[in-house]
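Student: Input structure: protein34.cif, which contains mmCIF, C-alpha atoms.
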data_upload
loop_
_atom_site.group_PDB
_atom_site.id
_atom_site.type_symbol
_atom_site.label_atom_id
_atom_site.label_comp_id
_atom_site.auth_asym_id
_atom_site.auth_seq_id
_atom_site.Cartn_x
_atom_site.Cartn_y
_atom_site.Cartn_z
ATOM 1 C CA MET A 1 -16.650 17.557 -2.527
ATOM 2 C CA GLY A 2 -13.879 15.578 -4.172
ATOM 3 C CA ASN A 3 -10.285 14.580 -3.515
ATOM 4 C CA LYS A 4 -8.861 17.991 -4.431
ATOM 5 C CA GLU A 5 -11.293 19.854 -2.140
ATOM 6 C CA PHE A 6 -10.630 17.490 0.774
ATOM 7 C CA LEU A 7 -6.881 17.875 0.342
ATOM 8 C CA ALA A 8 -7.244 21.657 0.033
ATOM 9 C CA GLU A 9 -9.043 21.691 3.403
ATOM 10 C CA ALA A 10 -6.215 19.660 4.962
ATOM 11 C CA VAL A 11 -3.693 22.162 3.585
ATOM 12 C CA ARG A 12 -5.776 25.090 4.889
ATOM 13 C CA LEU A 13 -5.688 23.525 8.358
ATOM 14 C CA ALA A 14 -1.925 22.987 8.040
ATOM 15 C CA THR A 15 -1.361 26.611 7.101
ATOM 16 C CA GLU A 16 -3.516 27.794 9.997
ATOM 17 C CA SER A 17 -1.457 25.662 12.398
ATOM 18 C CA VAL A 18 1.710 27.393 11.185
ATOM 19 C CA GLU A 19 0.235 30.896 11.220
ATOM 20 C CA LYS A 20 -1.099 30.525 14.766
ATOM 21 C CA GLY A 21 2.089 28.906 16.063
ATOM 22 C CA TRP A 22 0.325 25.710 17.077
ATOM 23 C CA GLY A 23 2.718 23.343 15.330
ATOM 24 C CA GLY A 24 4.138 22.193 12.020
ATOM 25 C CA PRO A 25 2.485 22.502 8.604
ATOM 26 C CA PHE A 26 0.276 19.467 8.947
ATOM 27 C CA GLY A 27 -3.486 19.237 8.601
ATOM 28 C CA ALA A 28 -5.854 16.347 7.963
ATOM 29 C CA VAL A 29 -9.484 15.611 7.214
ATOM 30 C CA LEU A 30 -11.268 12.288 7.538
ATOM 31 C CA THR A 31 -14.118 11.536 5.149
ATOM 32 C CA ARG A 32 -16.817 8.954 4.647
ATOM 33 C CA ASP A 33 -19.269 8.790 1.776
ATOM 34 C CA GLY A 34 -18.043 12.090 0.316
ATOM 35 C CA GLU A 35 -18.489 14.069 3.544
ATOM 36 C CA ILE A 36 -15.930 15.396 6.019
ATOM 37 C CA LEU A 37 -16.417 13.726 9.408
ATOM 38 C CA ALA A 38 -13.467 15.258 11.231
ATOM 39 C CA ARG A 39 -10.659 17.766 10.884
ATOM 40 C CA GLY A 40 -7.355 18.011 12.702
ATOM 41 C CA GLN A 41 -4.135 19.929 12.642
ATOM 42 C CA ASN A 42 -0.753 19.737 14.259
ATOM 43 C CA ARG A 43 -0.975 21.169 17.776
ATOM 44 C CA VAL A 44 2.299 19.949 19.244
ATOM 45 C CA LEU A 45 3.547 23.425 20.173
ATOM 46 C CA LEU A 46 0.146 24.511 21.471
ATOM 47 C CA THR A 47 -0.343 21.513 23.758
ATOM 48 C CA GLY A 48 3.196 20.292 24.435
ATOM 49 C CA ASP A 49 1.881 16.841 23.477
ATOM 50 C CA PRO A 50 4.271 15.156 21.019
ATOM 51 C CA THR A 51 1.413 12.923 19.806
ATOM 52 C CA ALA A 52 -0.778 15.898 18.803
ATOM 53 C CA HIS A 53 -0.130 15.359 15.099
ATOM 54 C CA ALA A 54 -2.846 16.240 12.586
ATOM 55 C CA GLU A 55 -3.691 12.616 11.798
ATOM 56 C CA VAL A 56 -3.977 11.595 15.454
ATOM 57 C CA GLU A 57 -6.064 14.656 16.281
ATOM 58 C CA THR A 58 -8.347 13.858 13.335
ATOM 59 C CA ILE A 59 -8.722 10.212 14.363
ATOM 60 C CA ARG A 60 -9.573 11.244 17.926
ATOM 61 C CA THR A 61 -12.204 13.701 16.705
ATOM 62 C CA ALA A 62 -13.670 11.203 14.224
ATOM 63 C CA SER A 63 -13.964 8.605 16.973
ATOM 64 C CA GLN A 64 -15.992 11.061 19.065
ATOM 65 C CA VAL A 65 -18.197 12.004 16.084
ATOM 66 C CA LEU A 66 -18.892 8.379 15.129
ATOM 67 C CA ASN A 67 -19.352 7.182 18.713
ATOM 68 C CA PRO A 68 -21.319 9.979 20.401
ATOM 69 C CA GLU A 69 -22.870 7.520 22.838
ATOM 70 C CA ALA A 70 -19.503 6.223 24.031
ATOM 71 C CA PRO A 71 -19.687 6.003 27.803
ATOM 72 C CA THR A 72 -17.361 7.957 29.985
ATOM 73 C CA ILE A 73 -14.952 5.818 31.917
ATOM 74 C CA SER A 74 -16.631 5.080 35.207
ATOM 75 C CA GLU A 75 -17.383 2.019 37.269
ATOM 76 C CA GLU A 76 -21.005 2.207 36.105
ATOM 77 C CA HIS A 77 -20.080 2.056 32.397
ATOM 78 C CA GLN A 78 -16.760 0.204 32.478
ATOM 79 C CA ASN A 79 -17.946 -2.821 30.494
ATOM 80 C CA GLU A 80 -19.809 -0.984 27.723
ATOM 81 C CA SER A 81 -18.686 -0.487 24.141
ATOM 82 C CA THR A 82 -20.387 1.249 21.242
ATOM 83 C CA LEU A 83 -18.103 -0.255 18.597
ATOM 84 C CA GLN A 84 -19.841 -2.612 16.193
ATOM 85 C CA TYR A 85 -18.183 -5.805 15.004
ATOM 86 C CA VAL A 86 -17.177 -6.543 11.429
ATOM 87 C CA PRO A 87 -15.976 -9.925 10.175
ATOM 88 C CA ARG A 88 -12.325 -10.368 9.281
ATOM 89 C CA PRO A 89 -11.678 -9.769 5.580
ATOM 90 C CA GLU A 90 -11.571 -12.830 3.369
ATOM 91 C CA GLY A 91 -8.030 -14.141 3.056
ATOM 92 C CA SER A 92 -6.888 -12.343 6.221
ATOM 93 C CA THR A 93 -4.424 -14.087 8.518
ATOM 94 C CA ASP A 94 -6.069 -12.463 11.560
ATOM 95 C CA VAL A 95 -6.638 -15.043 14.302
ATOM 96 C CA VAL A 96 -9.792 -13.249 15.506
ATOM 97 C CA PRO A 97 -12.955 -13.875 13.431
ATOM 98 C CA GLU A 98 -14.350 -10.362 13.970
ATOM 99 C CA ARG A 99 -13.144 -7.052 15.339
ATOM 100 C CA ALA A 100 -14.539 -3.634 16.170
ATOM 101 C CA ARG A 101 -15.286 -1.588 13.046
ATOM 102 C CA MET A 102 -13.199 1.436 14.079
ATOM 103 C CA LEU A 103 -12.916 3.786 11.040
ATOM 104 C CA GLN A 104 -13.431 1.308 8.209
ATOM 105 C CA GLY A 105 -15.062 2.930 5.220
ATOM 106 C CA CYS A 106 -13.217 6.200 5.803
ATOM 107 C CA SER A 107 -10.437 8.017 3.955
ATOM 108 C CA ILE A 108 -7.921 10.484 5.351
ATOM 109 C CA TYR A 109 -6.456 13.430 3.432
ATOM 110 C CA ILE A 110 -3.213 14.876 4.792
ATOM 111 C CA SER A 111 -1.015 17.828 3.850
ATOM 112 C CA GLY A 112 2.105 15.641 4.159
ATOM 113 C CA ALA A 113 2.992 11.944 4.180
ATOM 114 C CA PRO A 114 2.294 10.403 7.601
ATOM 115 C CA CYS A 115 5.101 9.801 10.073
ATOM 116 C CA PRO A 116 5.502 6.286 11.544
ATOM 117 C CA MET A 117 3.350 7.110 14.593
ATOM 118 C CA CYS A 118 0.519 8.486 12.463
ATOM 119 C CA MET A 119 0.726 5.636 9.981
ATOM 120 C CA SER A 120 0.436 3.196 12.887
ATOM 121 C CA ALA A 121 -2.632 5.070 14.150
ATOM 122 C CA ILE A 122 -4.102 4.877 10.638
ATOM 123 C CA TYR A 123 -3.516 1.112 10.523
ATOM 124 C CA TRP A 124 -5.043 0.593 13.982
ATOM 125 C CA SER A 125 -8.020 2.739 12.963
ATOM 126 C CA ARG A 126 -8.568 0.578 9.858
ATOM 127 C CA ILE A 127 -8.903 3.629 7.622
ATOM 128 C CA ASP A 128 -9.353 2.454 4.015
ATOM 129 C CA ASN A 129 -7.423 5.130 2.117
ATOM 130 C CA VAL A 130 -4.621 7.626 2.742
ATOM 131 C CA PHE A 131 -4.128 10.570 0.390
ATOM 132 C CA TYR A 132 -1.355 13.112 0.984
ATOM 133 C CA SER A 133 0.104 16.119 -0.790
ATOM 134 C CA CYS A 134 3.801 16.492 0.146
ATOM 135 C CA ASP A 135 5.983 13.380 0.179
ATOM 136 C CA LEU A 136 8.618 12.327 2.725
ATOM 137 C CA ALA A 137 11.434 14.006 0.752
ATOM 138 C CA ALA A 138 9.615 17.366 0.768
ATOM 139 C CA THR A 139 8.857 16.932 4.471
ATOM 140 C CA ARG A 140 12.518 16.194 5.194
ATOM 141 C CA GLU A 141 13.553 19.363 3.331
ATOM 142 C CA ILE A 142 11.579 21.537 5.767
ATOM 143 C CA GLY A 143 13.136 19.890 8.830
ATOM 144 C CA PHE A 144 10.779 17.014 9.649
ATOM 145 C CA ASP A 145 12.804 13.865 8.970
ATOM 146 C CA ASP A 146 11.346 10.529 10.055
ATOM 147 C CA SER A 147 13.775 8.337 8.097
ATOM 148 C CA PHE A 148 15.754 7.460 11.237
ATOM 149 C CA GLN A 149 12.610 5.917 12.728
ATOM 150 C CA TYR A 150 11.911 3.782 9.681
ATOM 151 C CA GLU A 151 15.561 2.673 9.731
ATOM 152 C CA ASP A 152 15.552 2.000 13.476
ATOM 153 C CA PHE A 153 12.442 -0.200 13.245
ATOM 154 C CA GLN A 154 14.398 -2.505 10.922
ATOM 155 C CA ARG A 155 17.146 -3.102 13.511
ATOM 156 C CA PRO A 156 17.102 -5.845 16.154
ATOM 157 C CA LEU A 157 15.815 -4.568 19.503
ATOM 158 C CA ASP A 158 19.260 -4.572 21.101
ATOM 159 C CA GLU A 159 20.629 -2.303 18.344
ATOM 160 C CA ARG A 160 18.005 0.432 18.455
ATOM 161 C CA ARG A 161 18.635 4.070 19.395
ATOM 162 C CA ILE A 162 16.337 3.797 22.400
ATOM 163 C CA ARG A 163 16.993 1.025 24.887
ATOM 164 C CA ILE A 164 14.227 -1.534 24.578
ATOM 165 C CA GLU A 165 14.212 -4.856 26.366
ATOM 166 C CA GLN A 166 11.762 -7.295 27.857
ATOM 167 C CA ILE A 167 11.791 -7.521 31.643
ATOM 168 C CA HIS A 168 9.642 -9.548 34.040
ATOM 169 C CA PRO A 169 7.279 -11.181 31.512
ATOM 170 C CA GLU A 170 5.550 -12.976 34.380
ATOM 171 C CA LEU A 171 4.111 -9.638 35.540
ATOM 172 C CA GLY A 172 2.429 -8.809 32.231
ATOM 173 C CA ALA A 173 1.215 -12.374 31.759
ATOM 174 C CA GLY A 174 -1.510 -11.831 34.371
ATOM 175 C CA ALA A 175 -3.124 -9.007 32.374
ATOM 176 C CA TYR A 176 -2.914 -11.098 29.190
ATOM 177 C CA GLN A 177 -4.515 -14.027 30.995
ATOM 178 C CA ALA A 178 -7.321 -11.773 32.274
ATOM 179 C CA TRP A 179 -8.013 -10.697 28.663
ATOM 180 C CA MET A 180 -8.117 -14.280 27.388
ATOM 181 C CA GLU A 181 -10.398 -15.406 30.235
ATOM 182 C CA LYS A 182 -12.863 -12.527 29.804
ATOM 183 C CA PRO A 183 -15.884 -14.162 28.127
ATOM 184 C CA ASP A 184 -17.262 -10.907 26.711
ATOM 185 C CA ARG A 185 -13.975 -9.386 25.489
ATOM 186 C CA HIS A 186 -14.385 -7.049 22.541
ATOM 187 C CA PRO A 187 -11.529 -7.506 20.029
ATOM 188 C CA TYR A 188 -10.452 -4.307 18.323
#
Please re-express this file's structure in structure tokens.
Tutor:
Amino acid sequence: MGNKEFLAEAVRLATESVEKGWGGPFGAVLTRDGEILARGQNRVLLTGDPTAHAEVETIRTASQVLNPEAPTISEEHQNESTLQYVPRPEGSTDVVPERARMLQGCSIYISGAPCPMCMSAIYWSRIDNVFYSCDLAATREIGFDDSFQYEDFQRPLDERRIRIEQIHPELGAGAYQAWMEKPDRHPY
């Protein structure tokens, strides 16, 4: 399969989401080495979960496919991780010398340009490539406008649409200290 076929599958998933009333016209597929590893589609209306966007659903599925031995959260397995380390890229300003691989080496194909939440998930996942069909202008025309978020992120915290302020930093400092003191911490 090639780029056009992967994108066509993402669009098929998007159309199915609309036809079944699951959510907006958004579908995604994640690939590695020319094969589809995971598929996802918008399921916001189906689940009531505002984070159930196609990209996030695809990333969640891909993580399960690539980490089938991931332990369930329990006291017995609480300190296990199946994520392999990779060294920081040459020239990176990252302060950590190596991090968990996540979805490096993968590409994601999406029916529409990612929203800020999905793009953040893509960055955190370390996906190598993003390919999309409809741009932000086309997405805005059908009623999905994320421009206010991009604009809001540029404002100082005290000028944002949603109240955001730091309170009681001494409380969070304990969790940060626990992370830094953990000798076997697994940077991701």
Student: Which one is closest to Asp146 in chain A: A:Ala113, A:His168, A:Ala100, A:Glu90? Count all atoms listed in the file.
Tutor: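 Using all atoms listed in the file, Asp146 in chain A sits closest to A:Ala113.
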Student: Considering only C-alpha atoms, return as a PyMOL selection string whatever protein or nucleic-acid residues lie within 12 Å of Asn3 in chain A, sequence-local ones (same chain, fewer than 4 positions apart) excluded.
Tutor: chain A and resi 7-10+29-36+107-110+129-133
Student: Apply the PyMOL selection byres ((chain A and resi 145) around 12) to the file shown and report the selected residues as a list in words.
Tutor: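 So the PyMOL selection byres ((chain A and resi 145) around 12), applied here, picks out Gly112, Ala113, Pro114, Cys115, Pro116, Asp135, Leu136, Ala137, Ala138, Thr139, Arg140, Glu141, Ile142, Gly143, Phe144, Asp146, Ser147, Phe148, Gln149, Tyr150 and Glu151 of chain A.
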Student: Enter the distance from CA of Ala178 in chain A to CA of Glu69 in chain A, in Å, rounded to one decimal.
Tutor: 26.5 Å
Student: I'd like to know which of A:Ser17, A:Ser92, A:Gln166, A:Asn67 is closest to His53 in chain A, using only C-alpha atoms.
Tutor: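 Smallest separation from His53 in chain A among the options: A:Ser17.
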Student: Which is closest to Gly23 in chain A among A:Met119, A:Arg39, A:Thr47, A:Ile164, if we use all atoms listed in the file?
Tutor: A:Thr47
Student: Trp124 in chain A: which residues within 10 Å, counting all atoms listed in the file, same-chain residues fewer than 3 positions away excluded, as a PyMOL selection string?
Tutor: chain A and resi 102-103+118-121+127+188
Student: In Å, with one decimal, what is the gap from CA of Pro87 in chain A to CA of Arg99 in chain A?
Tutor: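 Separation of CA of Pro87 in chain A and CA of Arg99 in chain A: 6.6 Å.
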Student: So what do you get for CA of Glu170 in chain A versus CA of His186 in chain A, distance-wise?
Tutor: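 Taking CA of Glu170 in chain A and CA of His186 in chain A, their separation equals 23.9 Å.
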Student: Going by the chain IDs and residue numbers used in this file, which residues fall under the PyMOL selection byres ((chain A and resi 42) around 9)? Write them as a PDB file with C-alpha atoms, in the coordinates of the input.
Tutor:
ATOM      1  CA  LEU A  13      -5.688  23.525   8.358  1.00  0.00           C
ATOM      2  CA  ALA A  14      -1.925  22.987   8.040  1.00  0.00           C
ATOM      3  CA  SER A  17      -1.457  25.662  12.398  1.00  0.00           C
ATOM      4  CA  VAL A  18       1.710  27.393  11.185  1.00  0.00           C
ATOM      5  CA  TRP A  22       0.325  25.710  17.077  1.00  0.00           C
ATOM      6  CA  GLY A  23       2.718  23.343  15.330  1.00  0.00           C
ATOM      7  CA  GLY A  24       4.138  22.193  12.020  1.00  0.00           C
ATOM      8  CA  PRO A  25       2.485  22.502   8.604  1.00  0.00           C
ATOM      9  CA  PHE A  26       0.276  19.467   8.947  1.00  0.00           C
ATOM     10  CA  GLY A  27      -3.486  19.237   8.601  1.00  0.00           C
ATOM     11  CA  ALA A  28      -5.854  16.347   7.963  1.00  0.00           C
ATOM     12  CA  GLY A  40      -7.355  18.011  12.702  1.00  0.00           C
ATOM     13  CA  GLN A  41      -4.135  19.929  12.642  1.00  0.00           C
ATOM     14  CA  ARG A  43      -0.975  21.169  17.776  1.00  0.00           C
ATOM     15  CA  VAL A  44       2.299  19.949  19.244  1.00  0.00           C
ATOM     16  CA  LEU A  45       3.547  23.425  20.173  1.00  0.00           C
ATOM     17  CA  LEU A  46       0.146  24.511  21.471  1.00  0.00           C
ATOM     18  CA  ALA A  52      -0.778  15.898  18.803  1.00  0.00           C
ATOM     19  CA  HIS A  53      -0.130  15.359  15.099  1.00  0.00           C
ATOM     20  CA  ALA A  54      -2.846  16.240  12.586  1.00  0.00           C
ATOM     21  CA  GLU A  55      -3.691  12.616  11.798  1.00  0.00           C
ATOM     22  CA  VAL A  56      -3.977  11.595  15.454  1.00  0.00           C
ATOM     23  CA  GLU A  57      -6.064  14.656  16.281  1.00  0.00           C
TER      24      GLU A  57
END
